[in-house]
>>> print(open('work.cif').read())   # mmCIF, N, CA and C atoms
data_final
loop_
_atom_site.label_atom_id
_atom_site.label_comp_id
_atom_site.auth_asym_id
_atom_site.auth_seq_id
_atom_site.Cartn_x
_atom_site.Cartn_y
_atom_site.Cartn_z
N MET A 1 60.76 0.42 -75.86
CA MET A 1 61.03 1.41 -76.87
C MET A 1 62.52 1.74 -76.86
N GLY A 2 63.08 2.03 -78.01
CA GLY A 2 64.48 2.36 -78.10
C GLY A 2 64.75 3.26 -79.29
N ILE A 3 66.01 3.58 -79.47
CA ILE A 3 66.41 4.35 -80.64
C ILE A 3 67.47 3.57 -81.40
N THR A 4 67.41 3.66 -82.71
CA THR A 4 68.39 3.00 -83.56
C THR A 4 69.46 4.01 -83.94
N VAL A 5 70.69 3.68 -83.60
CA VAL A 5 71.82 4.58 -83.82
C VAL A 5 72.83 3.89 -84.74
N LYS A 6 73.38 4.64 -85.68
CA LYS A 6 74.41 4.09 -86.55
C LYS A 6 75.67 3.78 -85.75
N ASN A 7 76.29 2.66 -86.09
CA ASN A 7 77.59 2.32 -85.52
C ASN A 7 78.67 3.04 -86.32
N THR A 8 79.85 3.07 -85.77
CA THR A 8 81.01 3.63 -86.46
C THR A 8 81.32 2.79 -87.69
N THR A 9 81.79 3.43 -88.73
CA THR A 9 82.23 2.71 -89.93
C THR A 9 83.71 2.94 -90.12
N PRO A 10 84.41 1.98 -90.71
CA PRO A 10 85.86 2.13 -90.89
C PRO A 10 86.25 3.37 -91.71
N ASP A 11 85.41 3.75 -92.67
CA ASP A 11 85.78 4.88 -93.52
C ASP A 11 85.62 6.23 -92.83
N THR A 12 84.77 6.34 -91.80
CA THR A 12 84.61 7.61 -91.09
C THR A 12 85.26 7.61 -89.72
N ALA A 13 85.25 6.47 -89.05
CA ALA A 13 85.86 6.30 -87.73
C ALA A 13 85.47 7.41 -86.75
N ARG A 14 84.16 7.73 -86.70
CA ARG A 14 83.64 8.69 -85.73
C ARG A 14 83.16 7.90 -84.51
N VAL A 15 83.46 8.39 -83.33
CA VAL A 15 83.09 7.73 -82.09
C VAL A 15 82.45 8.74 -81.15
N VAL A 16 81.86 8.22 -80.08
CA VAL A 16 81.32 9.07 -79.03
C VAL A 16 82.27 8.98 -77.84
N LEU A 17 82.75 10.14 -77.40
CA LEU A 17 83.52 10.21 -76.17
C LEU A 17 82.53 10.59 -75.08
N VAL A 18 82.39 9.73 -74.07
CA VAL A 18 81.44 9.94 -72.98
C VAL A 18 82.23 10.19 -71.71
N GLY A 19 81.85 11.26 -71.02
CA GLY A 19 82.54 11.58 -69.78
C GLY A 19 81.59 11.63 -68.60
N GLU A 20 82.01 11.01 -67.51
CA GLU A 20 81.28 11.14 -66.24
C GLU A 20 82.00 12.22 -65.44
N MET A 21 81.24 13.21 -65.00
CA MET A 21 81.82 14.34 -64.29
C MET A 21 81.86 14.08 -62.79
N MET A 22 82.66 14.86 -62.09
CA MET A 22 82.82 14.69 -60.64
C MET A 22 81.51 14.89 -59.88
N ASP A 23 80.57 15.64 -60.47
CA ASP A 23 79.28 15.86 -59.81
C ASP A 23 78.26 14.77 -60.13
N GLY A 24 78.67 13.74 -60.88
CA GLY A 24 77.78 12.63 -61.22
C GLY A 24 77.04 12.79 -62.53
N SER A 25 77.18 13.94 -63.18
CA SER A 25 76.52 14.15 -64.47
C SER A 25 77.38 13.59 -65.60
N PHE A 26 76.79 13.55 -66.79
CA PHE A 26 77.49 13.03 -67.96
C PHE A 26 77.47 14.05 -69.08
N ASP A 27 78.47 13.95 -69.95
CA ASP A 27 78.53 14.75 -71.17
C ASP A 27 79.09 13.84 -72.25
N ALA A 28 78.88 14.21 -73.50
CA ALA A 28 79.37 13.38 -74.60
C ALA A 28 79.64 14.26 -75.81
N LYS A 29 80.54 13.80 -76.65
CA LYS A 29 80.89 14.51 -77.87
C LYS A 29 81.24 13.49 -78.95
N VAL A 30 80.72 13.72 -80.16
CA VAL A 30 81.09 12.89 -81.31
C VAL A 30 82.35 13.49 -81.89
N MET A 31 83.33 12.64 -82.16
CA MET A 31 84.60 13.10 -82.72
C MET A 31 85.26 11.98 -83.52
N ALA A 32 86.23 12.36 -84.31
CA ALA A 32 87.02 11.35 -85.04
C ALA A 32 87.78 10.52 -84.01
N GLU A 33 87.90 9.25 -84.28
CA GLU A 33 88.61 8.37 -83.35
C GLU A 33 90.04 8.86 -83.11
N THR A 34 90.65 9.43 -84.12
CA THR A 34 92.03 9.93 -84.00
C THR A 34 92.12 11.20 -83.16
N ASP A 35 90.99 11.86 -82.88
CA ASP A 35 90.98 13.08 -82.07
C ASP A 35 90.74 12.83 -80.59
N VAL A 36 90.46 11.59 -80.21
CA VAL A 36 90.20 11.28 -78.81
C VAL A 36 91.49 11.52 -78.01
N PRO A 37 91.40 12.36 -76.98
CA PRO A 37 92.62 12.67 -76.21
C PRO A 37 93.02 11.53 -75.28
N TYR A 38 94.30 11.45 -75.02
CA TYR A 38 94.81 10.47 -74.06
C TYR A 38 94.69 11.00 -72.64
N THR A 39 94.39 12.28 -72.51
CA THR A 39 94.19 12.91 -71.22
C THR A 39 92.72 13.30 -71.10
N LYS A 40 92.36 13.90 -69.98
CA LYS A 40 90.97 14.30 -69.76
C LYS A 40 90.53 15.31 -70.82
N TYR A 41 89.32 15.11 -71.34
CA TYR A 41 88.74 16.05 -72.30
C TYR A 41 88.02 17.18 -71.58
N TRP A 42 87.30 16.84 -70.49
CA TRP A 42 86.58 17.82 -69.70
C TRP A 42 87.36 18.08 -68.42
N ASP A 43 87.40 19.33 -67.98
CA ASP A 43 88.17 19.70 -66.78
C ASP A 43 87.70 18.99 -65.52
N ASN A 44 86.38 18.86 -65.34
CA ASN A 44 85.82 18.29 -64.12
C ASN A 44 85.45 16.81 -64.29
N GLU A 45 86.16 16.14 -65.15
CA GLU A 45 85.86 14.75 -65.51
C GLU A 45 86.42 13.77 -64.49
N LEU A 46 85.62 12.77 -64.19
CA LEU A 46 86.03 11.67 -63.33
C LEU A 46 86.54 10.51 -64.18
N GLU A 47 85.85 10.26 -65.28
CA GLU A 47 86.17 9.13 -66.15
C GLU A 47 85.67 9.42 -67.56
N GLN A 48 86.35 8.87 -68.56
CA GLN A 48 85.86 8.98 -69.93
C GLN A 48 85.99 7.63 -70.63
N ARG A 49 85.07 7.40 -71.55
CA ARG A 49 85.08 6.15 -72.33
C ARG A 49 84.70 6.44 -73.77
N ILE A 50 85.15 5.56 -74.65
CA ILE A 50 84.83 5.66 -76.07
C ILE A 50 83.78 4.61 -76.40
N VAL A 51 82.77 5.03 -77.19
CA VAL A 51 81.75 4.11 -77.66
C VAL A 51 81.70 4.22 -79.17
N TYR A 52 81.72 3.10 -79.86
CA TYR A 52 81.78 3.08 -81.33
C TYR A 52 80.38 3.24 -81.94
N LEU A 53 79.80 4.40 -81.67
CA LEU A 53 78.52 4.80 -82.23
C LEU A 53 78.71 6.11 -82.97
N HIS A 54 77.83 6.39 -83.93
CA HIS A 54 77.86 7.65 -84.67
C HIS A 54 76.45 8.24 -84.69
N PRO A 55 76.01 8.77 -83.52
CA PRO A 55 74.65 9.30 -83.44
C PRO A 55 74.53 10.68 -84.09
N ASP A 56 73.31 11.02 -84.50
CA ASP A 56 73.06 12.39 -84.95
C ASP A 56 72.90 13.25 -83.69
N PRO A 57 72.84 14.58 -83.81
CA PRO A 57 72.76 15.43 -82.61
C PRO A 57 71.58 15.12 -81.70
N ASP A 58 70.41 14.81 -82.24
CA ASP A 58 69.25 14.48 -81.40
C ASP A 58 69.47 13.17 -80.65
N GLN A 59 70.06 12.19 -81.32
CA GLN A 59 70.34 10.91 -80.67
C GLN A 59 71.37 11.07 -79.56
N LEU A 60 72.40 11.90 -79.82
CA LEU A 60 73.42 12.14 -78.80
C LEU A 60 72.78 12.79 -77.57
N GLU A 61 71.91 13.74 -77.80
CA GLU A 61 71.21 14.40 -76.69
C GLU A 61 70.37 13.39 -75.90
N ALA A 62 69.70 12.48 -76.60
CA ALA A 62 68.89 11.45 -75.94
C ALA A 62 69.77 10.51 -75.11
N ILE A 63 70.94 10.18 -75.61
CA ILE A 63 71.87 9.31 -74.89
C ILE A 63 72.34 10.00 -73.61
N VAL A 64 72.75 11.26 -73.72
CA VAL A 64 73.23 12.00 -72.54
C VAL A 64 72.09 12.16 -71.52
N THR A 65 70.90 12.45 -72.00
CA THR A 65 69.74 12.57 -71.10
C THR A 65 69.50 11.26 -70.36
N ALA A 66 69.54 10.13 -71.08
CA ALA A 66 69.33 8.82 -70.45
C ALA A 66 70.42 8.53 -69.41
N LEU A 67 71.65 8.90 -69.71
CA LEU A 67 72.73 8.72 -68.73
C LEU A 67 72.48 9.58 -67.49
N ASN A 68 72.14 10.84 -67.70
CA ASN A 68 71.92 11.75 -66.57
C ASN A 68 70.70 11.38 -65.75
N GLU A 69 69.69 10.78 -66.38
CA GLU A 69 68.49 10.34 -65.66
C GLU A 69 68.63 8.93 -65.10
N ARG A 70 69.80 8.33 -65.29
CA ARG A 70 70.12 6.99 -64.78
C ARG A 70 69.24 5.90 -65.39
N ARG A 71 68.74 6.13 -66.62
CA ARG A 71 68.02 5.11 -67.34
C ARG A 71 68.98 4.24 -68.15
N LEU A 72 70.22 4.67 -68.23
CA LEU A 72 71.28 3.97 -68.95
C LEU A 72 72.57 4.24 -68.20
N SER A 73 73.36 3.19 -67.98
CA SER A 73 74.66 3.39 -67.32
C SER A 73 75.75 3.45 -68.38
N ILE A 74 76.86 4.02 -68.01
CA ILE A 74 77.99 4.09 -68.93
C ILE A 74 78.49 2.69 -69.27
N ASP A 75 78.39 1.76 -68.32
CA ASP A 75 78.77 0.37 -68.58
C ASP A 75 77.84 -0.27 -69.61
N GLU A 76 76.52 -0.03 -69.46
CA GLU A 76 75.55 -0.56 -70.42
C GLU A 76 75.78 0.03 -71.81
N LEU A 77 76.07 1.33 -71.86
CA LEU A 77 76.29 1.99 -73.14
C LEU A 77 77.43 1.35 -73.91
N GLN A 78 78.45 0.90 -73.21
CA GLN A 78 79.60 0.29 -73.89
C GLN A 78 79.29 -1.07 -74.48
N ASN A 79 78.13 -1.63 -74.18
CA ASN A 79 77.73 -2.89 -74.80
C ASN A 79 77.22 -2.69 -76.22
N PHE A 80 77.05 -1.45 -76.63
CA PHE A 80 76.52 -1.13 -77.95
C PHE A 80 77.63 -0.57 -78.84
N GLY A 81 77.34 -0.54 -80.14
CA GLY A 81 78.28 0.03 -81.08
C GLY A 81 79.20 -1.01 -81.69
N SER A 82 79.85 -0.60 -82.75
CA SER A 82 80.78 -1.47 -83.47
C SER A 82 81.61 -0.57 -84.37
N SER A 83 82.80 -1.01 -84.69
CA SER A 83 83.66 -0.26 -85.61
C SER A 83 83.49 -0.74 -87.04
N THR A 84 82.57 -1.68 -87.27
CA THR A 84 82.40 -2.25 -88.61
C THR A 84 81.07 -1.90 -89.27
N GLY A 85 80.40 -0.85 -88.74
CA GLY A 85 79.14 -0.41 -89.36
C GLY A 85 77.92 -1.07 -88.75
N GLY A 86 76.81 -0.92 -89.45
CA GLY A 86 75.54 -1.45 -88.95
C GLY A 86 74.88 -0.45 -88.02
N THR A 87 73.98 -0.95 -87.20
CA THR A 87 73.26 -0.11 -86.25
C THR A 87 73.18 -0.81 -84.91
N SER A 88 72.88 -0.03 -83.89
CA SER A 88 72.62 -0.55 -82.54
C SER A 88 71.29 -0.01 -82.07
N GLU A 89 70.53 -0.85 -81.38
CA GLU A 89 69.25 -0.45 -80.81
C GLU A 89 69.47 -0.19 -79.33
N LEU A 90 69.47 1.09 -78.94
CA LEU A 90 69.67 1.46 -77.55
C LEU A 90 68.33 1.50 -76.83
N PRO A 91 68.25 0.93 -75.63
CA PRO A 91 66.98 0.84 -74.90
C PRO A 91 66.64 2.11 -74.14
N ILE A 92 66.55 3.22 -74.86
CA ILE A 92 66.24 4.50 -74.20
C ILE A 92 65.06 5.17 -74.89
#
>>> encode(input="work.cif", output="structure tokens")
Amino acid sequence: MGITVKNTTPDTARVVLVGEMMDGSFDAKVMAETDVPYTKYWDNELEQRIVYLHPDPDQLEAIVTALNERRLSIDELQNFGSSTGGTSELPI
């Protein structure tokens, strides 16, 4: 079972910024690609990555839950998405 999530499109250029926190938890935020900071977005962040997906709020919550429950890794998540549209089927 999985969820189908829209990929980023060139006309909107919305991405997901995913952060792994120092305590091992994850957080994510959908934002314009041009708004992604070059520095840490979260104060207690260990690492952040950009994924070219444009999920709705429920899908974003499901992605963060899967990351926090270790059903999906941040490395696996980066295998999904595209900047040219379409959809991705995430295995969560």
>>> atom_distance(input="work.cif", atom1="atom N of Leu60 of chain A", atom2="atom CA of Val5 of chain A")
8.4 Å
>>> closest_atom_pairs(input="work.cif", of="segment 12-50 of chain A", to="segment 61-64 of chain A", cutoff="8 Å", atoms="only N, CA and C atoms", output="tab-separated table")
residue	atom	partner	partner_atom	distance
A:Phe26	C	A:Val64	CA	5.8
A:Asp27	CA	A:Val64	CA	6.1
A:Ala28	N	A:Val64	CA	6.1
>>> atom_distance(input="work.cif", atom1="atom C of Thr12 of chain A", atom2="atom C of Arg49 of chain A")
16.0 Å
>>> closest_residue(input="work.cif", among="A:Val15, A:Gly2, A:Leu53, A:Pro10", to="Met31 of chain A", atoms="all atoms listed in the file")
A:Val15
>>> resolve_selection(input="work.cif", expression="the PyMOL selection byres ((chain A and resi 50) around 8)", output="list in words")
Val15, Val16, Leu17, Val18, Gly19, Gln48, Arg49, Val51, Tyr52, Leu53, Leu77 and Gln78 of chain A
>>> resolve_selection(input="work.cif", expression="the PyMOL selection byres ((chain A and resi 23) around 8)", output="list in words")
Glu20, Met21, Met22, Gly24, Ser25, Phe26, Asn44, Glu45 and Leu46 of chain A
>>> atom_distance(input="work.cif", atom1="atom CA of Ala32 of chain A", atom2="atom C of Ala66 of chain A")
23.0 Å
>>> closest_residue(input="work.cif", among="A:His54, A:Glu47, A:Ser88, A:Ile74", to="Ala13 of chain A", atoms="all atoms listed in the file")
A:His54
>>> select_by_dssp(input="work.cif", residues="segment 22-65 of chain A", states="strand (DSSP E or B)", output="list in words")
Phe26, Asp27, Ala28, Lys29, Val30, Met31, Ala32, Glu45, Leu46, Glu47, Gln48, Arg49, Ile50, Val51 and Leu53 of chain A
>>> closest_residue(input="work.cif", among="A:Pro55, A:Leu90, A:Glu69, A:Asn79", to="Lys6 of chain A", atoms="all atoms listed in the file")
A:Pro55
>>> resolve_selection(input="work.cif", expression="the PyMOL selection byres ((chain A and resi 83) around 5)", output="MDAnalysis selection string")
chainID A and resid 8:10 81:82 84:85
>>> select_by_dssp(input="work.cif", residues="chain A", states="helix (DSSP H, G or I)", output="list in words")
Glu33, Thr34, Asp35, Pro57, Asp58, Gln59, Leu60, Glu61, Ala62, Ile63, Val64, Thr65, Ala66, Leu67, Asn68, Ile74, Asp75, Glu76 and Leu77 of chain A
>>> decode(input="work.cif", residues="segment 39-54 of chain A", atoms="all heavy atoms", output="mmCIF file, in the first residue's frame")
data_model
loop_
_atom_site.group_PDB
_atom_site.id
_atom_site.type_symbol
_atom_site.label_atom_id
_atom_site.label_comp_id
_atom_site.auth_asym_id
_atom_site.auth_seq_id
_atom_site.Cartn_x
_atom_site.Cartn_y
_atom_site.Cartn_z
ATOM 1 N N THR A 39 20.927 27.983 5.399
ATOM 2 C CA THR A 39 21.319 27.632 6.755
ATOM 3 C C THR A 39 20.237 26.746 7.354
ATOM 4 O O THR A 39 19.225 26.479 6.711
ATOM 5 C CB THR A 39 21.488 28.902 7.612
ATOM 6 O OG1 THR A 39 20.251 29.615 7.620
ATOM 7 C CG2 THR A 39 22.596 29.784 7.052
ATOM 8 N N LYS A 40 20.424 26.345 8.596
ATOM 9 C CA LYS A 40 19.450 25.477 9.258
ATOM 10 C C LYS A 40 18.093 26.177 9.351
ATOM 11 O O LYS A 40 18.000 27.341 9.726
ATOM 12 C CB LYS A 40 19.925 25.117 10.656
ATOM 13 C CG LYS A 40 21.119 24.203 10.663
ATOM 14 C CD LYS A 40 21.505 23.851 12.082
ATOM 15 C CE LYS A 40 22.652 22.865 12.086
ATOM 16 N NZ LYS A 40 22.983 22.442 13.439
ATOM 17 N N TYR A 41 17.036 25.426 9.062
ATOM 18 C CA TYR A 41 15.674 25.943 9.185
ATOM 19 C C TYR A 41 15.159 25.741 10.613
ATOM 20 O O TYR A 41 14.514 26.611 11.170
ATOM 21 C CB TYR A 41 14.759 25.240 8.179
ATOM 22 C CG TYR A 41 13.348 25.756 8.198
ATOM 23 C CD1 TYR A 41 13.028 26.953 7.562
ATOM 24 C CD2 TYR A 41 12.346 25.069 8.861
ATOM 25 C CE1 TYR A 41 11.732 27.446 7.594
ATOM 26 C CE2 TYR A 41 11.053 25.551 8.890
ATOM 27 C CZ TYR A 41 10.747 26.745 8.249
ATOM 28 O OH TYR A 41 9.469 27.233 8.283
ATOM 29 N N TRP A 42 15.470 24.577 11.204
ATOM 30 C CA TRP A 42 15.058 24.264 12.564
ATOM 31 C C TRP A 42 16.263 24.417 13.488
ATOM 32 O O TRP A 42 17.378 24.038 13.143
ATOM 33 C CB TRP A 42 14.534 22.833 12.662
ATOM 34 C CG TRP A 42 13.267 22.597 11.899
ATOM 35 C CD1 TRP A 42 11.994 22.829 12.331
ATOM 36 C CD2 TRP A 42 13.132 22.072 10.566
ATOM 37 N NE1 TRP A 42 11.091 22.494 11.345
ATOM 38 C CE2 TRP A 42 11.762 22.024 10.259
ATOM 39 C CE3 TRP A 42 14.037 21.655 9.597
ATOM 40 C CZ2 TRP A 42 11.272 21.568 9.035
ATOM 41 C CZ3 TRP A 42 13.565 21.203 8.380
ATOM 42 C CH2 TRP A 42 12.192 21.161 8.113
ATOM 43 N N ASP A 43 16.051 24.953 14.682
ATOM 44 C CA ASP A 43 17.148 25.193 15.620
ATOM 45 C C ASP A 43 17.883 23.922 16.026
ATOM 46 O O ASP A 43 19.097 23.922 16.163
ATOM 47 C CB ASP A 43 16.641 25.902 16.878
ATOM 48 C CG ASP A 43 16.233 27.346 16.616
ATOM 49 O OD1 ASP A 43 16.738 27.942 15.640
ATOM 50 O OD2 ASP A 43 15.403 27.867 17.382
ATOM 51 N N ASN A 44 17.152 22.837 16.266
ATOM 52 C CA ASN A 44 17.746 21.595 16.756
ATOM 53 C C ASN A 44 17.992 20.585 15.633
ATOM 54 O O ASN A 44 18.013 19.392 15.851
ATOM 55 C CB ASN A 44 16.870 20.972 17.840
ATOM 56 C CG ASN A 44 15.478 20.617 17.342
ATOM 57 O OD1 ASN A 44 15.004 21.162 16.347
ATOM 58 N ND2 ASN A 44 14.812 19.699 18.012
ATOM 59 N N GLU A 45 18.228 21.087 14.452
ATOM 60 C CA GLU A 45 18.376 20.258 13.256
ATOM 61 C C GLU A 45 19.773 19.675 13.134
ATOM 62 O O GLU A 45 20.765 20.355 13.362
ATOM 63 C CB GLU A 45 18.062 21.159 12.060
ATOM 64 C CG GLU A 45 18.372 20.596 10.725
ATOM 65 C CD GLU A 45 18.187 21.650 9.654
ATOM 66 O OE1 GLU A 45 17.139 22.296 9.617
ATOM 67 O OE2 GLU A 45 19.136 21.820 8.873
ATOM 68 N N LEU A 46 19.814 18.426 12.740
ATOM 69 C CA LEU A 46 21.069 17.738 12.450
ATOM 70 C C LEU A 46 21.378 17.822 10.954
ATOM 71 O O LEU A 46 22.515 18.043 10.551
ATOM 72 C CB LEU A 46 20.954 16.278 12.892
ATOM 73 C CG LEU A 46 22.163 15.392 12.713
ATOM 74 C CD1 LEU A 46 23.309 15.882 13.571
ATOM 75 C CD2 LEU A 46 21.815 13.958 13.074
ATOM 76 N N GLU A 47 20.336 17.663 10.148
ATOM 77 C CA GLU A 47 20.487 17.639 8.692
ATOM 78 C C GLU A 47 19.169 18.046 8.046
ATOM 79 O O GLU A 47 18.101 17.820 8.600
ATOM 80 C CB GLU A 47 20.852 16.213 8.271
ATOM 81 C CG GLU A 47 20.929 15.993 6.797
ATOM 82 C CD GLU A 47 21.255 14.548 6.441
ATOM 83 O OE1 GLU A 47 21.183 13.657 7.304
ATOM 84 O OE2 GLU A 47 21.567 14.325 5.268
ATOM 85 N N GLN A 48 19.249 18.663 6.866
ATOM 86 C CA GLN A 48 18.035 18.956 6.111
ATOM 87 C C GLN A 48 18.252 18.603 4.644
ATOM 88 O O GLN A 48 19.372 18.669 4.150
ATOM 89 C CB GLN A 48 17.606 20.420 6.258
ATOM 90 C CG GLN A 48 18.497 21.427 5.575
ATOM 91 C CD GLN A 48 18.057 22.854 5.845
ATOM 92 O OE1 GLN A 48 17.414 23.143 6.841
ATOM 93 N NE2 GLN A 48 18.403 23.763 4.956
ATOM 94 N N ARG A 49 17.162 18.212 4.003
ATOM 95 C CA ARG A 49 17.210 17.861 2.581
ATOM 96 C C ARG A 49 15.954 18.368 1.888
ATOM 97 O O ARG A 49 14.910 18.511 2.506
ATOM 98 C CB ARG A 49 17.303 16.353 2.398
ATOM 99 C CG ARG A 49 18.557 15.773 3.016
ATOM 100 C CD ARG A 49 18.778 14.395 2.540
ATOM 101 N NE ARG A 49 19.776 13.708 3.349
ATOM 102 C CZ ARG A 49 20.074 12.449 3.201
ATOM 103 N NH1 ARG A 49 19.471 11.719 2.289
ATOM 104 N NH2 ARG A 49 20.980 11.880 3.961
ATOM 105 N N ILE A 50 16.080 18.576 0.590
ATOM 106 C CA ILE A 50 14.959 19.015 -0.241
ATOM 107 C C ILE A 50 14.469 17.819 -1.045
ATOM 108 O O ILE A 50 15.272 17.054 -1.591
ATOM 109 C CB ILE A 50 15.403 20.118 -1.216
ATOM 110 C CG1 ILE A 50 15.892 21.341 -0.457
ATOM 111 C CG2 ILE A 50 14.266 20.492 -2.159
ATOM 112 C CD1 ILE A 50 16.574 22.355 -1.350
ATOM 113 N N VAL A 51 13.137 17.672 -1.113
ATOM 114 C CA VAL A 51 12.531 16.628 -1.926
ATOM 115 C C VAL A 51 11.529 17.306 -2.853
ATOM 116 O O VAL A 51 10.717 18.114 -2.401
ATOM 117 C CB VAL A 51 11.833 15.564 -1.058
ATOM 118 C CG1 VAL A 51 11.270 14.454 -1.926
ATOM 119 C CG2 VAL A 51 12.801 14.997 -0.022
ATOM 120 N N TYR A 52 11.586 16.997 -4.133
ATOM 121 C CA TYR A 52 10.737 17.650 -5.134
ATOM 122 C C TYR A 52 9.351 17.008 -5.202
ATOM 123 O O TYR A 52 8.961 16.423 -6.204
ATOM 124 C CB TYR A 52 11.437 17.662 -6.492
ATOM 125 C CG TYR A 52 12.547 18.689 -6.512
ATOM 126 C CD1 TYR A 52 13.824 18.368 -6.091
ATOM 127 C CD2 TYR A 52 12.288 19.997 -6.904
ATOM 128 C CE1 TYR A 52 14.836 19.321 -6.073
ATOM 129 C CE2 TYR A 52 13.286 20.950 -6.889
ATOM 130 C CZ TYR A 52 14.558 20.603 -6.473
ATOM 131 O OH TYR A 52 15.541 21.564 -6.441
ATOM 132 N N LEU A 53 8.648 17.121 -4.080
ATOM 133 C CA LEU A 53 7.268 16.664 -3.952
ATOM 134 C C LEU A 53 6.414 17.846 -3.529
ATOM 135 O O LEU A 53 6.922 18.783 -2.907
ATOM 136 C CB LEU A 53 7.151 15.563 -2.886
ATOM 137 C CG LEU A 53 7.804 14.225 -3.185
ATOM 138 C CD1 LEU A 53 7.810 13.350 -1.938
ATOM 139 C CD2 LEU A 53 7.081 13.522 -4.329
ATOM 140 N N HIS A 54 5.117 17.782 -3.823
ATOM 141 C CA HIS A 54 4.175 18.820 -3.410
ATOM 142 C C HIS A 54 2.960 18.150 -2.769
ATOM 143 O O HIS A 54 1.881 18.090 -3.359
ATOM 144 C CB HIS A 54 3.768 19.681 -4.601
ATOM 145 C CG HIS A 54 2.992 20.886 -4.217
ATOM 146 N ND1 HIS A 54 2.549 21.783 -5.127
ATOM 147 C CD2 HIS A 54 2.565 21.362 -3.016
ATOM 148 C CE1 HIS A 54 1.875 22.748 -4.517
ATOM 149 N NE2 HIS A 54 1.879 22.498 -3.235
#
